[in-house]
Every structure is written in C-alpha cells, then in structure tokens.
file protein.pdb (PDB, C-alpha atoms)
ATOM      1  CA  MET A   6      63.398  29.777 -83.407  1.00  0.00           C
ATOM      2  CA  LEU A   7      61.402  32.550 -85.024  1.00  0.00           C
ATOM      3  CA  ASN A   8      62.807  34.081 -88.180  1.00  0.00           C
ATOM      4  CA  LYS A   9      60.479  37.088 -88.138  1.00  0.00           C
ATOM      5  CA  THR A  10      59.052  39.447 -85.588  1.00  0.00           C
ATOM      6  CA  GLN A  11      56.178  38.159 -83.507  1.00  0.00           C
ATOM      7  CA  SER A  12      53.116  40.067 -82.376  1.00  0.00           C
ATOM      8  CA  ILE A  13      52.002  39.726 -78.770  1.00  0.00           C
ATOM      9  CA  SER A  14      48.986  40.891 -76.844  1.00  0.00           C
ATOM     10  CA  ALA A  15      48.754  41.494 -73.121  1.00  0.00           C
ATOM     11  CA  ARG A  16      46.281  42.918 -70.638  1.00  0.00           C
ATOM     12  CA  LEU A  17      47.938  45.220 -68.133  1.00  0.00           C
ATOM     13  CA  SER A  18      46.715  46.771 -64.934  1.00  0.00           C
ATOM     14  CA  PRO A  19      46.565  50.567 -64.945  1.00  0.00           C
ATOM     15  CA  ASP A  20      49.710  50.679 -62.768  1.00  0.00           C
ATOM     16  CA  ASP A  21      51.648  48.325 -65.055  1.00  0.00           C
ATOM     17  CA  TYR A  22      50.532  50.265 -68.120  1.00  0.00           C
ATOM     18  CA  ALA A  23      51.565  53.553 -66.512  1.00  0.00           C
ATOM     19  CA  TYR A  24      54.972  52.039 -65.699  1.00  0.00           C
ATOM     20  CA  LEU A  25      55.384  50.722 -69.245  1.00  0.00           C
ATOM     21  CA  MET A  26      54.547  54.080 -70.735  1.00  0.00           C
ATOM     22  CA  SER A  27      56.917  55.862 -68.316  1.00  0.00           C
ATOM     23  CA  ILE A  28      59.922  54.083 -69.819  1.00  0.00           C
ATOM     24  CA  ASP A  29      62.025  56.781 -71.420  1.00  0.00           C
ATOM     25  CA  ARG A  30      64.969  54.999 -72.948  1.00  0.00           C
ATOM     26  CA  ASN A  31      66.479  55.185 -76.430  1.00  0.00           C
ATOM     27  CA  GLY A  32      63.620  57.341 -77.687  1.00  0.00           C
ATOM     28  CA  ALA A  33      60.940  54.690 -77.163  1.00  0.00           C
ATOM     29  CA  VAL A  34      57.563  56.245 -77.888  1.00  0.00           C
ATOM     30  CA  THR A  35      55.142  53.535 -79.008  1.00  0.00           C
ATOM     31  CA  GLN A  36      53.927  50.641 -76.886  1.00  0.00           C
ATOM     32  CA  SER A  37      55.964  48.218 -79.007  1.00  0.00           C
ATOM     33  CA  GLU A  38      59.153  50.244 -78.600  1.00  0.00           C
ATOM     34  CA  LYS A  39      58.582  50.479 -74.868  1.00  0.00           C
ATOM     35  CA  VAL A  40      58.065  46.706 -74.578  1.00  0.00           C
ATOM     36  CA  ARG A  41      61.306  46.154 -76.518  1.00  0.00           C
ATOM     37  CA  GLU A  42      63.111  48.560 -74.166  1.00  0.00           C
ATOM     38  CA  LEU A  43      61.617  46.758 -71.159  1.00  0.00           C
ATOM     39  CA  ILE A  44      63.001  43.479 -72.534  1.00  0.00           C
ATOM     40  CA  ALA A  45      66.406  45.125 -73.084  1.00  0.00           C
ATOM     41  CA  MET A  46      66.354  46.451 -69.503  1.00  0.00           C
ATOM     42  CA  ALA A  47      65.575  42.968 -68.193  1.00  0.00           C
ATOM     43  CA  ARG A  48      68.412  41.476 -70.229  1.00  0.00           C
ATOM     44  CA  ASP A  49      70.794  44.110 -68.871  1.00  0.00           C
ATOM     45  CA  SER A  50      69.846  43.296 -65.297  1.00  0.00           C
ATOM     46  CA  VAL A  51      70.414  39.531 -65.433  1.00  0.00           C
ATOM     47  CA  GLY A  52      73.334  37.404 -66.445  1.00  0.00           C
ATOM     48  CA  MET A  53      76.197  39.482 -65.082  1.00  0.00           C
ATOM     49  CA  HIS A  54      78.639  38.777 -67.889  1.00  0.00           C
ATOM     50  CA  SER A  55      80.862  41.782 -67.451  1.00  0.00           C
ATOM     51  CA  PHE A  56      83.073  42.209 -64.415  1.00  0.00           C
ATOM     52  CA  ALA A  57      82.377  45.946 -64.327  1.00  0.00           C
ATOM     53  CA  ARG A  58      78.611  45.456 -64.110  1.00  0.00           C
ATOM     54  CA  ALA A  59      79.008  42.677 -61.544  1.00  0.00           C
ATOM     55  CA  TYR A  60      81.405  44.819 -59.496  1.00  0.00           C
ATOM     56  CA  ILE A  61      78.969  47.733 -59.417  1.00  0.00           C
ATOM     57  CA  SER A  62      76.142  45.422 -58.389  1.00  0.00           C
ATOM     58  CA  CYS A  63      78.150  43.749 -55.623  1.00  0.00           C
ATOM     59  CA  SER A  64      79.656  47.011 -54.404  1.00  0.00           C
ATOM     60  CA  GLU A  65      76.210  48.537 -54.090  1.00  0.00           C
ATOM     61  CA  ALA A  66      75.124  45.590 -51.947  1.00  0.00           C
ATOM     62  CA  VAL A  67      78.051  46.105 -49.539  1.00  0.00           C
ATOM     63  CA  LEU A  68      78.006  49.919 -49.652  1.00  0.00           C
ATOM     64  CA  PRO A  69      75.663  50.515 -46.682  1.00  0.00           C
ATOM     65  CA  ILE A  70      77.795  48.280 -44.472  1.00  0.00           C
ATOM     66  CA  ARG A  71      81.011  49.947 -45.651  1.00  0.00           C
ATOM     67  CA  ALA A  72      79.541  53.393 -44.971  1.00  0.00           C
ATOM     68  CA  ARG A  73      78.426  52.376 -41.507  1.00  0.00           C
ATOM     69  CA  CYS A  74      81.842  50.934 -40.663  1.00  0.00           C
ATOM     70  CA  ALA A  75      83.584  54.056 -41.997  1.00  0.00           C
ATOM     71  CA  GLU A  76      81.557  56.215 -39.601  1.00  0.00           C
ATOM     72  CA  GLU A  77      82.344  54.117 -36.529  1.00  0.00           C
ATOM     73  CA  GLU A  78      85.329  54.763 -34.315  1.00  0.00           C
ATOM     74  CA  PRO A  79      87.703  53.103 -34.068  1.00  0.00           C
ATOM     75  CA  ARG A  80      87.882  52.109 -37.718  1.00  0.00           C
ATOM     76  CA  SER A  81      89.203  48.721 -38.678  1.00  0.00           C
ATOM     77  CA  LEU A  82      91.534  48.030 -41.589  1.00  0.00           C
ATOM     78  CA  LEU A  83      90.653  44.353 -41.187  1.00  0.00           C
ATOM     79  CA  VAL A  84      86.926  45.010 -41.671  1.00  0.00           C
ATOM     80  CA  GLU A  85      87.601  47.332 -44.619  1.00  0.00           C
ATOM     81  CA  ALA A  86      89.789  44.661 -46.240  1.00  0.00           C
ATOM     82  CA  LEU A  87      87.118  42.025 -45.676  1.00  0.00           C
ATOM     83  CA  LEU A  88      84.336  44.141 -47.214  1.00  0.00           C
ATOM     84  CA  GLU A  89      86.480  44.989 -50.250  1.00  0.00           C
ATOM     85  CA  LEU A  90      87.346  41.317 -50.726  1.00  0.00           C
ATOM     86  CA  LEU A  91      83.697  40.398 -50.356  1.00  0.00           C
ATOM     87  CA  ALA A  92      82.502  42.876 -53.004  1.00  0.00           C
ATOM     88  CA  GLU A  93      85.290  42.203 -55.477  1.00  0.00           C
ATOM     89  CA  GLY A  94      85.222  38.447 -54.887  1.00  0.00           C
ATOM     90  CA  ALA A  95      81.467  38.278 -55.408  1.00  0.00           C
ATOM     91  CA  ALA A  96      81.838  40.329 -58.590  1.00  0.00           C
ATOM     92  CA  ALA A  97      84.503  37.949 -59.859  1.00  0.00           C
ATOM     93  CA  VAL A  98      82.290  34.938 -59.160  1.00  0.00           C
ATOM     94  CA  GLN A  99      79.207  36.558 -60.641  1.00  0.00           C
ATOM     95  CA  SER A 100      80.979  37.714 -63.791  1.00  0.00           C
ATOM     96  CA  CYS A 101      82.345  34.338 -64.795  1.00  0.00           C
ATOM     97  CA  THR A 102      79.642  31.848 -63.801  1.00  0.00           C
ATOM     98  CA  ASP A 103      78.804  31.240 -67.461  1.00  0.00           C
ATOM     99  CA  ASP A 104      82.428  30.718 -68.529  1.00  0.00           C
ATOM    100  CA  GLU A 105      83.252  27.241 -69.781  1.00  0.00           C
ATOM    101  CA  ASN A 106      86.518  27.090 -67.835  1.00  0.00           C
ATOM    102  CA  LEU A 107      85.255  28.519 -64.564  1.00  0.00           C
ATOM    103  CA  ALA A 108      88.238  27.949 -62.264  1.00  0.00           C
ATOM    104  CA  PRO A 109      90.912  29.629 -64.460  1.00  0.00           C
ATOM    105  CA  GLN A 110      88.649  32.607 -65.191  1.00  0.00           C
ATOM    106  CA  LEU A 111      87.620  32.971 -61.558  1.00  0.00           C
ATOM    107  CA  GLU A 112      91.225  32.792 -60.417  1.00  0.00           C
ATOM    108  CA  ARG A 113      92.265  35.439 -62.959  1.00  0.00           C
ATOM    109  CA  ARG A 114      89.424  37.798 -62.027  1.00  0.00           C
ATOM    110  CA  ALA A 115      89.722  37.322 -58.254  1.00  0.00           C
ATOM    111  CA  LEU A 116      93.514  37.564 -58.037  1.00  0.00           C
ATOM    112  CA  PRO A 117      93.724  41.396 -57.803  1.00  0.00           C
ATOM    113  CA  ALA A 118      91.216  41.409 -54.916  1.00  0.00           C
ATOM    114  CA  ILE A 119      93.091  38.614 -53.158  1.00  0.00           C
ATOM    115  CA  GLU A 120      96.404  40.447 -53.586  1.00  0.00           C
ATOM    116  CA  ALA A 121      94.938  43.672 -52.147  1.00  0.00           C
ATOM    117  CA  PHE A 122      93.484  41.721 -49.205  1.00  0.00           C
ATOM    118  CA  LEU A 123      96.838  40.056 -48.501  1.00  0.00           C
ATOM    119  CA  GLU A 124      98.612  43.426 -48.594  1.00  0.00           C
ATOM    120  CA  LYS A 125      96.259  44.773 -45.936  1.00  0.00           C
ATOM    121  CA  ILE A 126      96.662  41.647 -43.818  1.00  0.00           C
ATOM    122  CA  LEU A 127     100.434  42.016 -44.040  1.00  0.00           C
ATOM    123  CA  LEU A 128     100.150  45.680 -43.024  1.00  0.00           C
ATOM    124  CA  LEU A 129      98.162  44.654 -39.956  1.00  0.00           C
ATOM    125  CA  ALA A 130     100.825  42.136 -39.017  1.00  0.00           C
ATOM    126  CA  LEU A 131     103.765  44.521 -39.512  1.00  0.00           C
ATOM    127  CA  GLN A 132     102.473  47.826 -38.122  1.00  0.00           C
ATOM    128  CA  GLN A 133     103.345  48.899 -34.593  1.00  0.00           C
ATOM    129  CA  ASP A 134      99.875  50.303 -33.945  1.00  0.00           C
ATOM    130  CA  PRO A 135      97.544  48.582 -36.445  1.00  0.00           C
ATOM    131  CA  ARG A 136      94.071  49.946 -37.074  1.00  0.00           C
ATOM    132  CA  THR A 137      91.766  47.283 -35.609  1.00  0.00           C
ATOM    133  CA  THR A 138      88.835  47.359 -33.208  1.00  0.00           C
ATOM    134  CA  ALA A 139      89.905  44.355 -31.159  1.00  0.00           C
ATOM    135  CA  PRO A 140      93.409  44.662 -29.681  1.00  0.00           C
ATOM    136  CA  ASP A 141      94.257  41.006 -30.227  1.00  0.00           C
ATOM    137  CA  SER A 142      93.173  40.830 -33.906  1.00  0.00           C
ATOM    138  CA  ALA A 143      96.481  42.024 -35.335  1.00  0.00           C
ATOM    139  CA  ALA A 144      98.436  39.832 -32.900  1.00  0.00           C
ATOM    140  CA  ARG A 145      96.432  36.779 -33.972  1.00  0.00           C
ATOM    141  CA  ILE A 146      97.020  37.575 -37.641  1.00  0.00           C
ATOM    142  CA  LYS A 147     100.752  38.050 -37.037  1.00  0.00           C
ATOM    143  CA  LYS A 148     100.947  34.773 -35.104  1.00  0.00           C
ATOM    144  CA  GLN A 149      99.098  32.906 -37.865  1.00  0.00           C
ATOM    145  CA  LEU A 150     101.336  34.380 -40.584  1.00  0.00           C
ATOM    146  CA  ASP A 151     104.458  33.496 -38.623  1.00  0.00           C
ATOM    147  CA  SER A 152     103.179  29.974 -38.128  1.00  0.00           C
ATOM    148  CA  LEU A 153     102.370  29.523 -41.813  1.00  0.00           C
ATOM    149  CA  LEU A 154     105.627  31.019 -43.068  1.00  0.00           C
ATOM    150  CA  ASN A 155     107.877  29.135 -40.654  1.00  0.00           C
ATOM    151  CA  LYS A 156     106.598  25.621 -41.261  1.00  0.00           C
TER     152      LYS A 156
END

call {"tool": "encode", "arguments": {"input": "protein.pdb", "output": "structure tokens"}}
result
Amino acid sequence: MLNKTQSISARLSPDDYAYLMSIDRNGAVTQSEKVRELIAMARDSVGMHSFARAYISCSEAVLPIRARCAEEEPRSLLVEALLELLAEGAAAVQSCTDDENLAPQLERRALPAIEAFLEKILLLALQQDPRTTAPDSAARIKKQLDSLLNK
C-alpha cells in the first residue's frame, strides 16, 4: 500500500484526451484533477453499496418496459406488479451483495417490495373486474391462493 501520492504517465488518443478534459466535476481543471475525478466517477458507478443508487440503476433498466406497458391497452396490474418487484428486488440484491450476512440483509431490503407485490396479487384475486390482459390470469391467481391458504 502506498503511503504517498503516486505519479502516473499515460498516452491518450485525441478522443480520450478530449473526453478527459471535458470532465467538469468538483472544479477539476488540471489533468491530474480530472484523472482523480474520473477515478471517483468510476468508483461511484461500481459496487452498488447503497440501496438508493441500486434502486435508481435497476429502475432505469426496467423503465422502458414499464413505459411501454403503461401505454398499452388493456393495462395489467399483474405486469405492473411484476416489473416493480423486478426493479426493487434487483436493487435489494445489488445493494447487499458485499454484506457479510447476505440472507438477513437481503430479506430486510426485499421485504417491502415483496409486501407490495403480495398486496397487488391479493387485489387481483379479490376484485370483481381485475385489471389483467388475459381473462384467466386473475382466476388462476385466486385458485392458487385458495389452494395455498386452505391446505
């Protein structure tokens, strides 16, 4: 481990140099400051340690699909619930992969998403005219819930 700063030298293509010099973060002006900011940006983009950052990342990945489904008619509460669970579940997984006790942390972080998903599933099973695209989806969910609860 180095105890002092270290000098580096690198040859960059004109495009890479232009990109490096375009970095405008935290008042970086010199090449050294811009390289340090580039390193900070790279650190920020990997190792999703915070749930908020992981949630934003995962939500952005699912956003185009959610938008497309929201524009289609008929809309499906089941699909919306699935996409929300997918984004929030992936964020929970991503945010605690480095935790020593993975299972308890993952359970704690995923529980709100699981509860919201179950609420929507229950709504589908209890509503007279549930919002689904396939007529038998809600009936299948209701039948499965009845089967599980009456064992």

call {"tool": "closest_residue", "arguments": {"input": "protein.pdb", "among": "A:Leu43, A:Ala15, A:Ala97, A:Ala108", "to": "Ser27 (chain A)", "atoms": "all atoms listed in the file"}}
result
A:Leu43

call {"tool": "resolve_selection", "arguments": {"input": "protein.pdb", "expression": "the PyMOL selection byres ((chain A and resi 130-137) around 10)", "output": "list of chain:residue names"}}
result
A:Glu78, A:Pro79, A:Arg80, A:Ser81, A:Leu82, A:Leu83, A:Val84, A:Glu85, A:Glu124, A:Lys125, A:Ile126, A:Leu127, A:Leu128, A:Leu129, A:Thr138, A:Ala139, A:Pro140, A:Asp141, A:Ser142, A:Ala143, A:Ala144, A:Arg145, A:Ile146, A:Lys147, A:Lys148, A:Gln149, A:Leu150, A:Asp151

call {"tool": "atom_distance", "arguments": {"input": "protein.pdb", "atom1": "CA of Leu123 (chain A)", "atom2": "CA of Leu90 (chain A)"}}
result
9.8 Å

call {"tool": "residues_around", "arguments": {"input": "protein.pdb", "residues": "Arg113 (chain A)", "least_positions_apart": "2", "cutoff": "12 Å", "atoms": "only C-alpha atoms", "output": "MDAnalysis selection string"}}
result
chainID A and resid 56 94 97:98 100:101 106:111 115:120

call {"tool": "resolve_selection", "arguments": {"input": "protein.pdb", "expression": "the PyMOL selection byres ((chain A and resi 67) around 12)", "output": "list of chain:residue names"}}
result
A:Tyr60, A:Ile61, A:Ser62, A:Cys63, A:Ser64, A:Glu65, A:Ala66, A:Leu68, A:Pro69, A:Ile70, A:Arg71, A:Ala72, A:Arg73, A:Cys74, A:Val84, A:Glu85, A:Leu87, A:Leu88, A:Glu89, A:Leu90, A:Leu91, A:Ala92, A:Glu93, A:Gly94, A:Ala95, A:Ala96

call {"tool": "atom_distance", "arguments": {"input": "protein.pdb", "atom1": "CA of Met26 (chain A)", "atom2": "CA of Glu38 (chain A)"}}
result
9.9 Å

call {"tool": "atom_distance", "arguments": {"input": "protein.pdb", "atom1": "CA of Asp103 (chain A)", "atom2": "CA of Gln11 (chain A)"}}
result
28.6 Å

call {"tool": "axis_aligned_box", "arguments": {"input": "protein.pdb", "around": "region 144-150 of chain A", "padding_each_side": "8 Å", "output": "AutoDock Vina command-line options"}}
result
--center_x 98.9 --center_y 36.4 --center_z -36.7 --size_x 20.9 --size_y 22.9 --size_z 23.7

call {"tool": "resolve_selection", "arguments": {"input": "protein.pdb", "expression": "the PyMOL selection byres ((chain A and resi 12) around 12)", "output": "PyMOL selection string"}}
result
chain A and resi 7+9-11+13-15+36-37+40-41

call {"tool": "write_last_selection", "arguments": {"input": "protein.pdb", "atoms": "C-alpha atoms", "output": "PDB file, in the frame of the given file"}}
result
ATOM      1  CA  LEU A   7      61.402  32.550 -85.024  1.00  0.00           C
ATOM      2  CA  LYS A   9      60.479  37.088 -88.138  1.00  0.00           C
ATOM      3  CA  THR A  10      59.052  39.447 -85.588  1.00  0.00           C
ATOM      4  CA  GLN A  11      56.178  38.159 -83.507  1.00  0.00           C
ATOM      5  CA  ILE A  13      52.002  39.726 -78.770  1.00  0.00           C
ATOM      6  CA  SER A  14      48.986  40.891 -76.844  1.00  0.00           C
ATOM      7  CA  ALA A  15      48.754  41.494 -73.121  1.00  0.00           C
ATOM      8  CA  GLN A  36      53.927  50.641 -76.886  1.00  0.00           C
ATOM      9  CA  SER A  37      55.964  48.218 -79.007  1.00  0.00           C
ATOM     10  CA  VAL A  40      58.065  46.706 -74.578  1.00  0.00           C
ATOM     11  CA  ARG A  41      61.306  46.154 -76.518  1.00  0.00           C
TER      12      ARG A  41
END

call {"tool": "decode", "arguments": {"input": "protein.pdb", "residues": "region 26-37 of chain A", "atoms": "all heavy atoms", "output": "CSV table (one decimal), in the first residue's frame"}}
result
chain,number,residue,atom,x,y,z
A,26,MET,N,-10.5,15.9,-20.7
A,26,MET,CA,-10.6,17.3,-20.4
A,26,MET,C,-12.0,17.9,-20.4
A,26,MET,O,-12.2,19.0,-19.9
A,26,MET,CB,-9.7,18.1,-21.5
A,26,MET,CG,-8.2,17.7,-21.4
A,26,MET,SD,-7.5,17.7,-19.8
A,26,MET,CE,-7.5,19.4,-19.4
A,27,SER,N,-13.0,17.1,-20.9
A,27,SER,CA,-14.4,17.6,-20.8
A,27,SER,C,-15.0,17.4,-19.5
A,27,SER,O,-16.1,17.9,-19.2
A,27,SER,CB,-15.2,16.9,-21.9
A,27,SER,OG,-15.4,15.6,-21.6
A,28,ILE,N,-14.3,16.6,-18.6
A,28,ILE,CA,-14.9,16.3,-17.3
A,28,ILE,C,-15.0,17.6,-16.5
A,28,ILE,O,-14.0,18.3,-16.3
A,28,ILE,CB,-14.0,15.3,-16.5
A,28,ILE,CG1,-14.1,13.9,-17.3
A,28,ILE,CG2,-14.5,15.2,-15.1
A,28,ILE,CD1,-13.2,12.9,-16.7
A,29,ASP,N,-16.2,17.9,-16.1
A,29,ASP,CA,-16.4,19.2,-15.4
A,29,ASP,C,-17.1,18.8,-14.1
A,29,ASP,O,-18.4,18.9,-14.0
A,29,ASP,CB,-17.3,20.1,-16.2
A,29,ASP,CG,-17.5,21.5,-15.6
A,29,ASP,OD1,-16.7,21.8,-14.7
A,29,ASP,OD2,-18.4,22.2,-16.0
A,30,ARG,N,-16.4,18.4,-13.1
A,30,ARG,CA,-16.9,17.9,-11.9
A,30,ARG,C,-16.0,18.4,-10.7
A,30,ARG,O,-14.8,18.3,-10.8
A,30,ARG,CB,-16.9,16.4,-11.9
A,30,ARG,CG,-18.1,15.8,-11.1
A,30,ARG,CD,-18.1,14.3,-11.3
A,30,ARG,NE,-17.5,13.7,-10.1
A,30,ARG,CZ,-17.8,12.5,-9.6
A,30,ARG,NH1,-18.7,11.8,-10.3
A,30,ARG,NH2,-17.2,12.1,-8.6
A,31,ASN,N,-16.6,19.0,-9.7
A,31,ASN,CA,-16.0,19.4,-8.5
A,31,ASN,C,-14.8,20.4,-8.8
A,31,ASN,O,-13.8,20.4,-8.1
A,31,ASN,CB,-15.4,18.2,-7.7
A,31,ASN,CG,-16.5,17.4,-7.1
A,31,ASN,OD1,-17.6,17.9,-6.8
A,31,ASN,ND2,-16.3,16.1,-7.1
A,32,GLY,N,-15.0,21.2,-9.8
A,32,GLY,CA,-14.0,22.2,-10.2
A,32,GLY,C,-12.7,21.7,-10.7
A,32,GLY,O,-11.7,22.4,-10.6
A,33,ALA,N,-12.7,20.5,-11.2
A,33,ALA,CA,-11.4,19.9,-11.8
A,33,ALA,C,-11.0,20.7,-13.0
A,33,ALA,O,-11.7,20.9,-13.9
A,33,ALA,CB,-11.6,18.5,-12.2
A,34,VAL,N,-9.7,21.2,-12.9
A,34,VAL,CA,-9.2,22.0,-14.0
A,34,VAL,C,-8.0,21.3,-14.6
A,34,VAL,O,-7.9,21.2,-15.9
A,34,VAL,CB,-8.8,23.4,-13.5
A,34,VAL,CG1,-8.2,24.2,-14.6
A,34,VAL,CG2,-10.1,24.1,-13.0
A,35,THR,N,-7.0,20.9,-13.8
A,35,THR,CA,-5.8,20.3,-14.3
A,35,THR,C,-6.0,18.9,-14.7
A,35,THR,O,-7.0,18.2,-14.4
A,35,THR,CB,-4.7,20.4,-13.3
A,35,THR,OG1,-5.1,19.5,-12.2
A,35,THR,CG2,-4.5,21.8,-12.7
A,36,GLN,N,-5.1,18.4,-15.5
A,36,GLN,CA,-5.1,17.0,-15.9
A,36,GLN,C,-5.2,16.0,-14.7
A,36,GLN,O,-6.0,15.1,-14.7
A,36,GLN,CB,-3.9,16.6,-16.8
A,36,GLN,CG,-3.9,17.3,-18.1
A,36,GLN,CD,-2.6,17.1,-18.8
A,36,GLN,OE1,-1.6,16.6,-18.3
A,36,GLN,NE2,-2.5,17.5,-20.1
A,37,SER,N,-4.4,16.3,-13.7
A,37,SER,CA,-4.4,15.5,-12.5
A,37,SER,C,-5.7,15.5,-11.8
A,37,SER,O,-6.2,14.4,-11.4
A,37,SER,CB,-3.3,15.9,-11.5
A,37,SER,OG,-2.0,15.8,-12.1
